[in-house]
file coords-v2.cif (mmCIF, C-alpha atoms and all ligand atoms)
data_entry
#
loop_
_atom_site.label_atom_id
_atom_site.label_comp_id
_atom_site.auth_asym_id
_atom_site.auth_seq_id
_atom_site.Cartn_x
_atom_site.Cartn_y
_atom_site.Cartn_z
CA MET A 1 0.00 0.00 0.00
CA ASP A 2 1.34 3.43 -0.97
CA ILE A 3 0.24 5.97 1.66
CA ASN A 4 0.55 8.83 -0.85
CA LYS A 5 -2.11 7.15 -2.99
CA MET A 6 -4.45 6.82 0.01
CA MET A 7 -4.20 10.54 0.79
CA THR A 8 -7.06 12.34 -0.94
CA PRO A 9 -6.80 16.14 -1.50
CA ARG A 10 -8.93 16.71 1.65
CA LEU A 11 -6.68 14.56 3.85
CA MET A 12 -3.55 16.00 2.23
CA SER A 13 -4.70 19.57 2.95
CA ALA A 14 -5.34 18.70 6.60
CA ALA A 15 -1.91 17.02 6.89
CA GLY A 16 -0.38 20.04 5.14
CA PHE A 17 -1.31 22.31 8.05
CA VAL A 18 0.58 20.18 10.60
CA SER A 19 3.91 21.72 11.61
CA CYS A 20 7.17 19.83 11.35
CA GLY A 21 8.06 18.10 14.63
CA ALA A 22 4.50 18.18 15.99
CA THR A 23 3.08 15.29 17.99
CA VAL A 24 -0.41 14.73 16.64
CA ALA A 25 -3.63 13.34 18.06
CA ASP A 26 -5.93 12.43 15.17
CA VAL A 27 -9.49 12.35 16.52
CA GLY A 28 -11.93 10.15 14.55
CA THR A 29 -8.95 8.63 12.79
CA ASP A 30 -10.80 5.69 11.14
CA HIS A 31 -8.19 4.42 8.61
CA ALA A 32 -5.37 6.42 10.31
CA TYR A 33 -4.08 7.66 6.94
CA ILE A 34 -3.30 11.15 8.30
CA PRO A 35 -1.04 10.01 11.18
CA ILE A 36 0.55 7.32 9.00
CA TRP A 37 1.37 9.86 6.28
CA LEU A 38 2.71 12.39 8.82
CA VAL A 39 5.02 9.88 10.51
CA LYS A 40 6.05 8.08 7.32
CA ASN A 41 7.08 11.41 5.76
CA GLY A 42 9.04 12.54 8.82
CA VAL A 43 6.70 15.45 9.61
CA CYS A 44 5.88 13.99 13.03
CA PRO A 45 8.03 11.83 15.30
CA GLY A 46 4.91 10.12 16.67
CA ALA A 47 1.13 10.27 16.83
CA VAL A 48 -1.96 9.06 18.62
CA ALA A 49 -4.79 7.71 16.43
CA MET A 50 -8.10 8.01 18.33
CA ASP A 51 -11.62 6.89 17.57
CA ILE A 52 -14.84 6.33 19.50
CA ASN A 53 -15.60 3.05 17.70
CA GLN A 54 -13.83 -0.30 17.92
CA GLY A 55 -14.17 -1.03 14.15
CA PRO A 56 -12.20 2.05 13.05
CA ILE A 57 -9.60 1.42 15.79
CA LEU A 58 -9.03 -2.11 14.45
CA ARG A 59 -8.78 -0.71 10.90
CA ALA A 60 -6.30 1.92 12.09
CA GLU A 61 -4.19 -0.73 13.88
CA GLU A 62 -4.12 -2.94 10.79
CA ASN A 63 -2.92 -0.04 8.61
CA ILE A 64 -0.35 1.09 11.21
CA ARG A 65 1.01 -2.50 11.27
CA LYS A 66 1.19 -2.61 7.44
CA PHE A 67 3.53 0.39 7.56
CA GLY A 68 5.53 -0.98 10.51
CA LEU A 69 4.71 2.10 12.61
CA GLU A 70 3.46 0.33 15.78
CA THR A 71 6.18 1.92 17.91
CA LYS A 72 5.44 5.44 16.64
CA ILE A 73 1.64 5.56 16.37
CA ARG A 74 -0.50 4.28 19.23
CA THR A 75 -4.26 3.93 19.11
CA LYS A 76 -6.79 4.97 21.73
CA LEU A 77 -10.47 4.18 21.96
CA SER A 78 -11.85 7.55 22.99
CA ASP A 79 -14.89 9.80 22.81
CA GLY A 80 -13.32 12.90 21.31
CA LEU A 81 -10.22 13.89 23.27
CA ALA A 82 -11.37 12.33 26.56
CA ALA A 83 -8.60 9.70 26.68
CA LEU A 84 -5.78 12.06 25.70
CA GLU A 85 -3.42 12.94 28.55
CA PRO A 86 -2.15 16.52 28.88
CA ASN A 87 1.17 16.84 26.98
CA GLU A 88 0.58 13.62 25.05
CA ALA A 89 0.10 15.67 21.86
CA ASP A 90 0.63 19.32 20.94
CA THR A 91 -1.48 19.23 17.77
CA VAL A 92 -5.00 17.92 17.26
CA VAL A 93 -6.50 16.97 13.90
CA ILE A 94 -10.28 16.52 13.65
CA ALA A 95 -11.33 15.77 10.06
CA GLY A 96 -14.39 14.31 8.37
CA MET A 97 -16.90 15.08 11.14
CA GLY A 98 -19.83 17.45 11.37
CA GLY A 99 -19.14 20.96 12.66
CA ILE A 100 -21.45 20.57 15.67
CA LEU A 101 -19.64 17.39 16.76
CA ILE A 102 -16.28 19.12 16.34
CA ASN A 103 -17.55 21.95 18.57
CA GLN A 104 -18.64 19.44 21.24
CA ILE A 105 -15.27 17.66 21.12
CA LEU A 106 -13.43 20.97 21.56
CA GLU A 107 -15.80 22.14 24.32
CA ASN A 108 -15.22 18.92 26.28
CA ALA A 109 -11.44 19.26 26.00
CA ALA A 110 -10.94 22.46 28.01
CA HIS A 111 -8.48 20.65 30.33
CA LEU A 112 -6.15 20.26 27.32
CA TYR A 113 -6.27 23.88 26.08
CA SER A 114 -2.95 24.77 27.73
CA SER A 115 -1.07 21.76 26.34
CA ILE A 116 -2.49 21.67 22.80
CA LYS A 117 -0.92 24.40 20.68
CA HIS A 118 -2.55 23.79 17.31
CA TYR A 119 -5.83 22.42 15.94
CA VAL A 120 -6.47 21.36 12.35
CA LEU A 121 -10.22 21.17 11.76
CA GLN A 122 -12.13 19.95 8.73
CA PRO A 123 -15.87 20.19 9.38
CA MET A 124 -18.07 18.43 6.82
CA THR A 125 -21.21 20.42 7.72
CA ALA A 126 -22.29 23.47 9.77
CA ILE A 127 -18.96 25.21 9.17
CA GLU A 128 -20.50 28.53 10.17
CA GLU A 129 -21.34 27.01 13.58
CA THR A 130 -17.71 25.96 14.03
CA ARG A 131 -16.46 29.46 13.15
CA LYS A 132 -18.96 30.92 15.69
CA PHE A 133 -17.90 28.41 18.35
CA LEU A 134 -14.22 29.21 17.79
CA GLU A 135 -14.86 32.95 18.07
CA GLN A 136 -16.87 32.56 21.28
CA ASN A 137 -14.50 30.14 22.98
CA GLY A 138 -11.08 31.76 22.69
CA PHE A 139 -9.85 30.23 19.44
CA PHE A 140 -8.24 32.05 16.53
CA ILE A 141 -8.40 30.88 12.90
CA GLN A 142 -4.90 31.54 11.61
CA ASP A 143 -5.42 30.06 8.16
CA GLU A 144 -7.95 28.25 5.97
CA CYS A 145 -7.87 26.47 2.64
CA LEU A 146 -10.18 24.53 0.34
CA ALA A 147 -9.78 21.05 -1.16
CA LYS A 148 -11.84 19.43 -3.90
CA GLU A 149 -12.81 15.78 -4.13
CA GLU A 150 -15.35 14.34 -6.55
CA ASN A 151 -17.09 17.67 -7.11
CA LYS A 152 -17.31 18.46 -3.40
CA ILE A 153 -15.34 21.29 -1.86
CA TYR A 154 -14.09 20.97 1.71
CA THR A 155 -12.85 23.63 4.10
CA ILE A 156 -9.79 23.00 6.27
CA MET A 157 -8.84 25.35 9.13
CA SER A 158 -5.64 25.90 11.05
CA VAL A 159 -6.58 27.12 14.54
CA VAL A 160 -4.73 28.25 17.68
CA ARG A 161 -5.84 29.64 21.05
CA GLY A 162 -6.41 33.41 20.89
CA GLN A 163 -8.99 36.13 20.46
CA MET A 164 -10.76 36.59 17.14
CA ARG A 165 -13.62 38.85 16.10
CA ILE A 166 -15.60 37.97 12.99
CA GLU A 167 -17.07 41.34 12.01
CA LYS A 168 -19.30 40.40 9.10
CA GLU A 169 -22.03 37.74 9.27
CA ILE A 170 -21.05 36.40 5.84
CA HIS A 171 -17.59 35.50 7.14
CA TYR A 172 -19.09 32.77 9.36
CA TYR A 173 -20.14 31.15 6.08
CA ILE A 174 -17.18 32.04 3.88
CA GLY A 175 -13.99 32.31 5.91
CA GLU A 176 -12.10 35.59 5.60
CA LYS A 177 -8.81 33.74 5.15
CA LEU A 178 -10.18 32.06 2.01
CA ILE A 179 -10.81 35.52 0.55
CA GLU A 180 -7.50 36.98 1.78
CA ASN A 181 -5.63 33.98 0.32
CA ARG A 182 -7.59 34.21 -2.94
CA ASP A 183 -8.10 30.47 -2.63
CA PRO A 184 -8.23 28.99 -6.16
CA LEU A 185 -11.38 27.01 -5.28
CA LEU A 186 -13.26 29.92 -3.70
CA SER A 187 -15.17 30.91 -6.83
CA GLU A 188 -16.37 27.31 -7.26
CA LEU A 189 -17.34 27.09 -3.58
CA LEU A 190 -19.40 30.26 -3.95
CA ASP A 191 -21.13 28.96 -7.11
CA GLY A 192 -22.20 25.81 -5.23
CA LYS A 193 -23.42 27.71 -2.19
CA MET A 194 -25.31 30.31 -4.24
CA TYR A 195 -26.96 27.51 -6.21
CA GLU A 196 -28.11 25.82 -2.97
CA LEU A 197 -29.39 29.15 -1.64
CA GLY A 198 -31.26 29.75 -4.90
CA ARG A 199 -33.02 26.40 -4.52
CA ALA A 200 -33.89 27.15 -0.89
CA ILE A 201 -35.24 30.58 -1.87
CA ALA A 202 -37.34 29.05 -4.67
CA SER A 203 -38.75 26.39 -2.32
CA LEU A 204 -39.96 29.15 0.02
CA GLN A 205 -41.58 31.15 -2.75
CA PHE A 206 -45.15 30.11 -1.93
CA ALA A 207 -44.64 29.47 1.78
CA LYS A 208 -46.75 31.59 4.10
CA GLY A 209 -46.03 33.06 7.50
CA GLU A 210 -43.48 35.25 9.21
CA GLU A 211 -40.92 32.47 9.71
CA ALA A 212 -40.80 31.56 6.00
CA ALA A 213 -40.53 35.25 5.08
CA GLN A 214 -37.62 35.74 7.50
CA LYS A 215 -35.86 32.65 6.20
CA GLN A 216 -36.25 33.82 2.62
CA GLU A 217 -34.92 37.26 3.49
CA TRP A 218 -31.91 35.69 5.24
CA PHE A 219 -31.12 33.41 2.29
CA LEU A 220 -31.42 36.36 -0.11
CA PHE A 221 -29.02 38.35 2.08
CA LEU A 222 -26.48 35.49 2.15
CA ARG A 223 -26.71 34.97 -1.62
CA ASN A 224 -26.23 38.68 -2.23
CA GLU A 225 -23.18 38.80 0.06
CA MET A 226 -21.72 35.73 -1.65
CA ASN A 227 -22.32 37.31 -5.03
CA LYS A 228 -20.30 40.37 -3.94
CA ILE A 229 -17.36 38.10 -3.00
CA LYS A 230 -17.78 36.23 -6.29
CA GLU A 231 -17.59 39.54 -8.20
CA ALA A 232 -14.35 40.37 -6.38
CA CYS A 233 -13.00 36.90 -7.30
CA THR A 234 -13.53 37.56 -10.99
CA LEU A 235 -11.25 40.62 -10.73
CA TRP A 236 -8.31 38.62 -9.27
C1 LIG B 301 -16.07 9.93 8.38
S1 LIG B 301 -14.88 9.29 9.46
C2 LIG B 301 -13.53 10.37 9.19
C3 LIG B 301 -12.24 9.63 9.13
C4 LIG B 301 -11.02 10.50 8.87
N1 LIG B 301 -10.77 11.42 9.96
C5 LIG B 301 -11.20 11.28 7.58
O1 LIG B 301 -11.28 12.51 7.63
O2 LIG B 301 -11.26 10.66 6.52
C6 LIG B 301 -15.46 9.79 11.04
C7 LIG B 301 -14.82 8.99 12.19
O3 LIG B 301 -15.09 9.67 13.40
C8 LIG B 301 -15.38 8.73 14.40
N2 LIG B 301 -16.11 9.43 15.46
C9 LIG B 301 -17.39 9.84 15.46
N3 LIG B 301 -17.69 10.46 16.60
C10 LIG B 301 -16.56 10.48 17.35
C11 LIG B 301 -16.22 10.97 18.64
N4 LIG B 301 -17.11 11.59 19.42
N5 LIG B 301 -14.96 10.79 19.09
C12 LIG B 301 -14.04 10.16 18.32
N6 LIG B 301 -14.30 9.65 17.11
C13 LIG B 301 -15.54 9.82 16.61
C14 LIG B 301 -16.13 7.63 13.67
O4 LIG B 301 -16.09 6.40 14.36
C15 LIG B 301 -15.41 7.58 12.33
O5 LIG B 301 -14.37 6.64 12.34
#

call {"tool": "encode", "arguments": {"input": "coords-v2.cif", "output": "structure tokens", "more": "lines below"}}
Ligand SMILES: C[S@@+](CC[C@H](N)C(=O)[O-])C[C@H]1O[C@@H](n2cnc3c(N)ncnc32)[C@H](O)[C@@H]1O
result
Amino acid sequence: MDINKMMTPRLMSAAGFVSCGATVADVGTDHAYIPIWLVKNGVCPGAVAMDINQGPILRAEENIRKFGLETKIRTKLSDGLAALEPNEADTVVIAGMGGILINQILENAAHLYSSIKHYVLQPMTAIEETRKFLEQNGFFIQDECLAKEENKIYTIMSVVRGQMRIEKEIHYYIGEKLIENRDPLLSELLDGKMYELGRAIASLQFAKGEEAAQKQEWFLFLRNEMNKIKEACTLW
């Protein structure tokens, strides 16, 4: 098995945010490709591959064995970061989970905030909720990037402890760093999101009541804001 071939663009982008020399805890590791790639390529001296389910832990252990990395990557059955000891890792990767679950995992790990220096997060859904959580709980998004796999675009964030203020509502939905970085996939991300908003707006067209009207107004606002960013993208 060639680990480079197992690393999809999403996984590669998450691994790409990990600093050289970091000790990583990969939460919800499943196949353990991220820690295997990091250790195999000399980015990390060691890692902890964690998962809440026995099946993924067994899969991770099998893959770790295949690469002969049993002495460098240990596995832990754990709900989120519960089984991680302080100072066991300085970097946490949480990829391929919903944004709300990522928020819960981070909220339950307050006892590790002083020992973990860096978080790499890749929420599959509710990304705006993760950005809000980070802002309200003393986290700072230092960088973000996009990765594309089979027509889906994923957001990956590099996060540290610190104060952050997200001034504009639209930036909970479209990260400011993606705009600052002129991410090459931003325009495509916006197209997809504006299309989804258009469908939601159309579905509310004949709905009655205050709630439907408010929702429609909100979706129109978001689409308009996204369109402004899209227009800026076309000038880059
Ligand atoms: C879709 S897989 C993602 C695997 C890998 N991180 C990736 O990005 O490809 C989600 C994994 O998270 C695990 N998981 C779900 N809830 C969890 C929790 N609270 N704590 C730890 N692992 C969890 C699941 O068992 C599953 O293996």

call {"tool": "residues_around", "arguments": {"input": "coords-v2.cif", "residues": "A:Leu220", "least_positions_apart": "4", "cutoff": "8 Å", "atoms": "all atoms listed in the file", "output": "ChimeraX atom specification"}}
result
/A:197,201,216,224

call {"tool": "residues_near_ligand", "arguments": {"input": "coords-v2.cif", "ligand": "ligand LIG 301 (chain B)", "cutoff": "7 Å", "atoms": "only C-alpha atoms and all ligand atoms", "output": "list of chain:residue names"}}
result
A:Leu11, A:Val27, A:Gly28, A:Thr29, A:Asp30, A:His31, A:Met50, A:Asp51, A:Ile52, A:Asn53, A:Pro56, A:Ser78, A:Asp79, A:Gly80, A:Ile94, A:Ala95, A:Gly96, A:Met97, A:Leu101, A:Ile105

call {"tool": "atom_distance", "arguments": {"input": "coords-v2.cif", "atom1": "atom CA of A:Asn4", "atom2": "atom CA of A:Tyr33"}}
result
9.1 Å

call {"tool": "atom_distance", "arguments": {"input": "coords-v2.cif", "atom1": "atom CA of A:Gly42", "atom2": "atom CA of A:Leu178"}}
result
28.2 Å

call {"tool": "closest_atom_pairs", "arguments": {"input": "coords-v2.cif", "of": "stretch 107-128 of chain A", "to": "stretch 134-137 of chain A", "cutoff": "12 Å", "atoms": "only C-alpha atoms", "output": "JSON lines"}}
result
{"residue": "A:Glu107", "atom": "CA", "partner": "A:Asn137", "partner_atom": "CA", "distance": 8.2}
{"residue": "A:Asn108", "atom": "CA", "partner": "A:Asn137", "partner_atom": "CA", "distance": 11.7}
{"residue": "A:Ala109", "atom": "CA", "partner": "A:Asn137", "partner_atom": "CA", "distance": 11.7}
{"residue": "A:Ala110", "atom": "CA", "partner": "A:Asn137", "partner_atom": "CA", "distance": 9.8}
{"residue": "A:Tyr113", "atom": "CA", "partner": "A:Asn137", "partner_atom": "CA", "distance": 10.8}
{"residue": "A:Tyr119", "atom": "CA", "partner": "A:Leu134", "partner_atom": "CA", "distance": 11.0}
{"residue": "A:Leu121", "atom": "CA", "partner": "A:Leu134", "partner_atom": "CA", "distance": 10.8}
{"residue": "A:Ile127", "atom": "CA", "partner": "A:Leu134", "partner_atom": "CA", "distance": 10.6}
{"residue": "A:Glu128", "atom": "CA", "partner": "A:Leu134", "partner_atom": "CA", "distance": 9.9}

call {"tool": "closest_residue", "arguments": {"input": "coords-v2.cif", "among": "A:Val24, A:Phe133, A:Lys72, A:Ile153", "to": "A:Asn87", "atoms": "only C-alpha atoms"}}
result
A:Val24

call {"tool": "closest_residue", "arguments": {"input": "coords-v2.cif", "among": "A:Gln104, A:Arg223, A:Pro184, A:Met6", "to": "A:Arg199", "atoms": "all atoms listed in the file"}}
result
A:Arg223

call {"tool": "closest_residue", "arguments": {"input": "coords-v2.cif", "among": "A:Ala82, A:Leu112, A:Val120, A:Met164", "to": "A:Ser13", "atoms": "only C-alpha atoms"}}
result
A:Val120

call {"tool": "residues_around", "arguments": {"input": "coords-v2.cif", "residues": "stretch 180-182 of chain A", "least_positions_apart": "4", "cutoff": "10 Å", "atoms": "all atoms listed in the file", "output": "list in words"}}
result
Asp143, Glu144, Cys145, Gly175, Glu176, Leu186, Ser187, Ala232, Cys233 and Trp236 of chain A

call {"tool": "closest_residue", "arguments": {"input": "coords-v2.cif", "among": "A:Ile166, A:Cys44, A:Cys20, A:Ile64", "to": "A:Ala32", "atoms": "only C-alpha atoms"}}
result
A:Ile64

call {"tool": "residues_near_point", "arguments": {"input": "coords-v2.cif", "point": "(1.8, 11.0, 7.7)", "cutoff": "10 Å", "atoms": "all atoms listed in the file", "output": "list of chain:residue names"}}
result
A:Ile3, A:Asn4, A:Met7, A:Leu11, A:Met12, A:Ala15, A:Gly16, A:Val18, A:Val24, A:Ala32, A:Tyr33, A:Ile34, A:Pro35, A:Ile36, A:Trp37, A:Leu38, A:Val39, A:Lys40, A:Asn41, A:Gly42, A:Val43, A:Cys44, A:Pro45, A:Gly46, A:Ala47

call {"tool": "closest_residue", "arguments": {"input": "coords-v2.cif", "among": "A:Glu211, A:Ser203, A:Lys132, A:Thr23", "to": "A:Ile174", "atoms": "only C-alpha atoms"}}
result
A:Lys132

call {"tool": "decode", "arguments": {"input": "coords-v2.cif", "residues": "stretch 191-209 of chain A", "atoms": "N, CA, C and O atoms", "output": "CSV table (one decimal), in the first residue's frame"}}
result
chain,number,residue,atom,x,y,z
A,191,ASP,N,-20.1,29.4,-6.1
A,191,ASP,CA,-21.1,29.0,-7.1
A,191,ASP,C,-22.0,27.9,-6.5
A,191,ASP,O,-23.3,28.0,-6.6
A,192,GLY,N,-21.4,26.9,-5.8
A,192,GLY,CA,-22.2,25.8,-5.2
A,192,GLY,C,-23.1,26.3,-4.2
A,192,GLY,O,-24.3,25.9,-4.1
A,193,LYS,N,-22.6,27.2,-3.3
A,193,LYS,CA,-23.4,27.7,-2.2
A,193,LYS,C,-24.5,28.6,-2.7
A,193,LYS,O,-25.7,28.5,-2.2
A,194,MET,N,-24.3,29.4,-3.7
A,194,MET,CA,-25.3,30.3,-4.2
A,194,MET,C,-26.4,29.5,-4.9
A,194,MET,O,-27.6,29.8,-4.9
A,195,TYR,N,-26.0,28.4,-5.6
A,195,TYR,CA,-27.0,27.5,-6.2
A,195,TYR,C,-27.9,26.9,-5.2
A,195,TYR,O,-29.1,26.9,-5.3
A,196,GLU,N,-27.3,26.4,-4.1
A,196,GLU,CA,-28.1,25.8,-3.0
A,196,GLU,C,-29.1,26.9,-2.4
A,196,GLU,O,-30.2,26.6,-2.1
A,197,LEU,N,-28.5,28.1,-2.2
A,197,LEU,CA,-29.4,29.2,-1.6
A,197,LEU,C,-30.5,29.5,-2.6
A,197,LEU,O,-31.7,29.7,-2.2
A,198,GLY,N,-30.2,29.5,-3.9
A,198,GLY,CA,-31.3,29.7,-4.9
A,198,GLY,C,-32.4,28.7,-4.8
A,198,GLY,O,-33.6,29.1,-4.9
A,199,ARG,N,-32.0,27.5,-4.6
A,199,ARG,CA,-33.0,26.4,-4.5
A,199,ARG,C,-33.9,26.6,-3.2
A,199,ARG,O,-35.1,26.4,-3.3
A,200,ALA,N,-33.2,26.9,-2.2
A,200,ALA,CA,-33.9,27.1,-0.9
A,200,ALA,C,-34.9,28.3,-1.0
A,200,ALA,O,-36.0,28.3,-0.5
A,201,ILE,N,-34.4,29.4,-1.7
A,201,ILE,CA,-35.2,30.6,-1.9
A,201,ILE,C,-36.5,30.2,-2.7
A,201,ILE,O,-37.6,30.5,-2.4
A,202,ALA,N,-36.2,29.4,-3.8
A,202,ALA,CA,-37.3,29.1,-4.7
A,202,ALA,C,-38.4,28.2,-3.9
A,202,ALA,O,-39.6,28.3,-4.1
A,203,SER,N,-37.8,27.3,-3.0
A,203,SER,CA,-38.7,26.4,-2.3
A,203,SER,C,-39.6,27.2,-1.3
A,203,SER,O,-40.7,26.7,-0.9
A,204,LEU,N,-39.2,28.4,-1.0
A,204,LEU,CA,-40.0,29.1,0.0
A,204,LEU,C,-40.9,30.1,-0.7
A,204,LEU,O,-41.6,30.9,0.0
A,205,GLN,N,-40.9,30.1,-2.0
A,205,GLN,CA,-41.6,31.2,-2.8
A,205,GLN,C,-43.1,31.3,-2.4
A,205,GLN,O,-43.6,32.3,-2.3
A,206,PHE,N,-43.7,30.1,-2.2
A,206,PHE,CA,-45.1,30.1,-1.9
A,206,PHE,C,-45.5,29.8,-0.5
A,206,PHE,O,-46.6,29.7,-0.1
A,207,ALA,N,-44.4,29.7,0.4
A,207,ALA,CA,-44.6,29.5,1.8
A,207,ALA,C,-45.2,30.7,2.4
A,207,ALA,O,-44.9,31.8,2.1
A,208,LYS,N,-46.1,30.5,3.4
A,208,LYS,CA,-46.8,31.6,4.1
A,208,LYS,C,-46.2,31.7,5.5
A,208,LYS,O,-45.6,30.8,6.0
A,209,GLY,N,-46.4,32.9,6.1
A,209,GLY,CA,-46.0,33.1,7.5
A,209,GLY,C,-44.7,33.8,7.7
A,209,GLY,O,-43.9,33.9,6.7
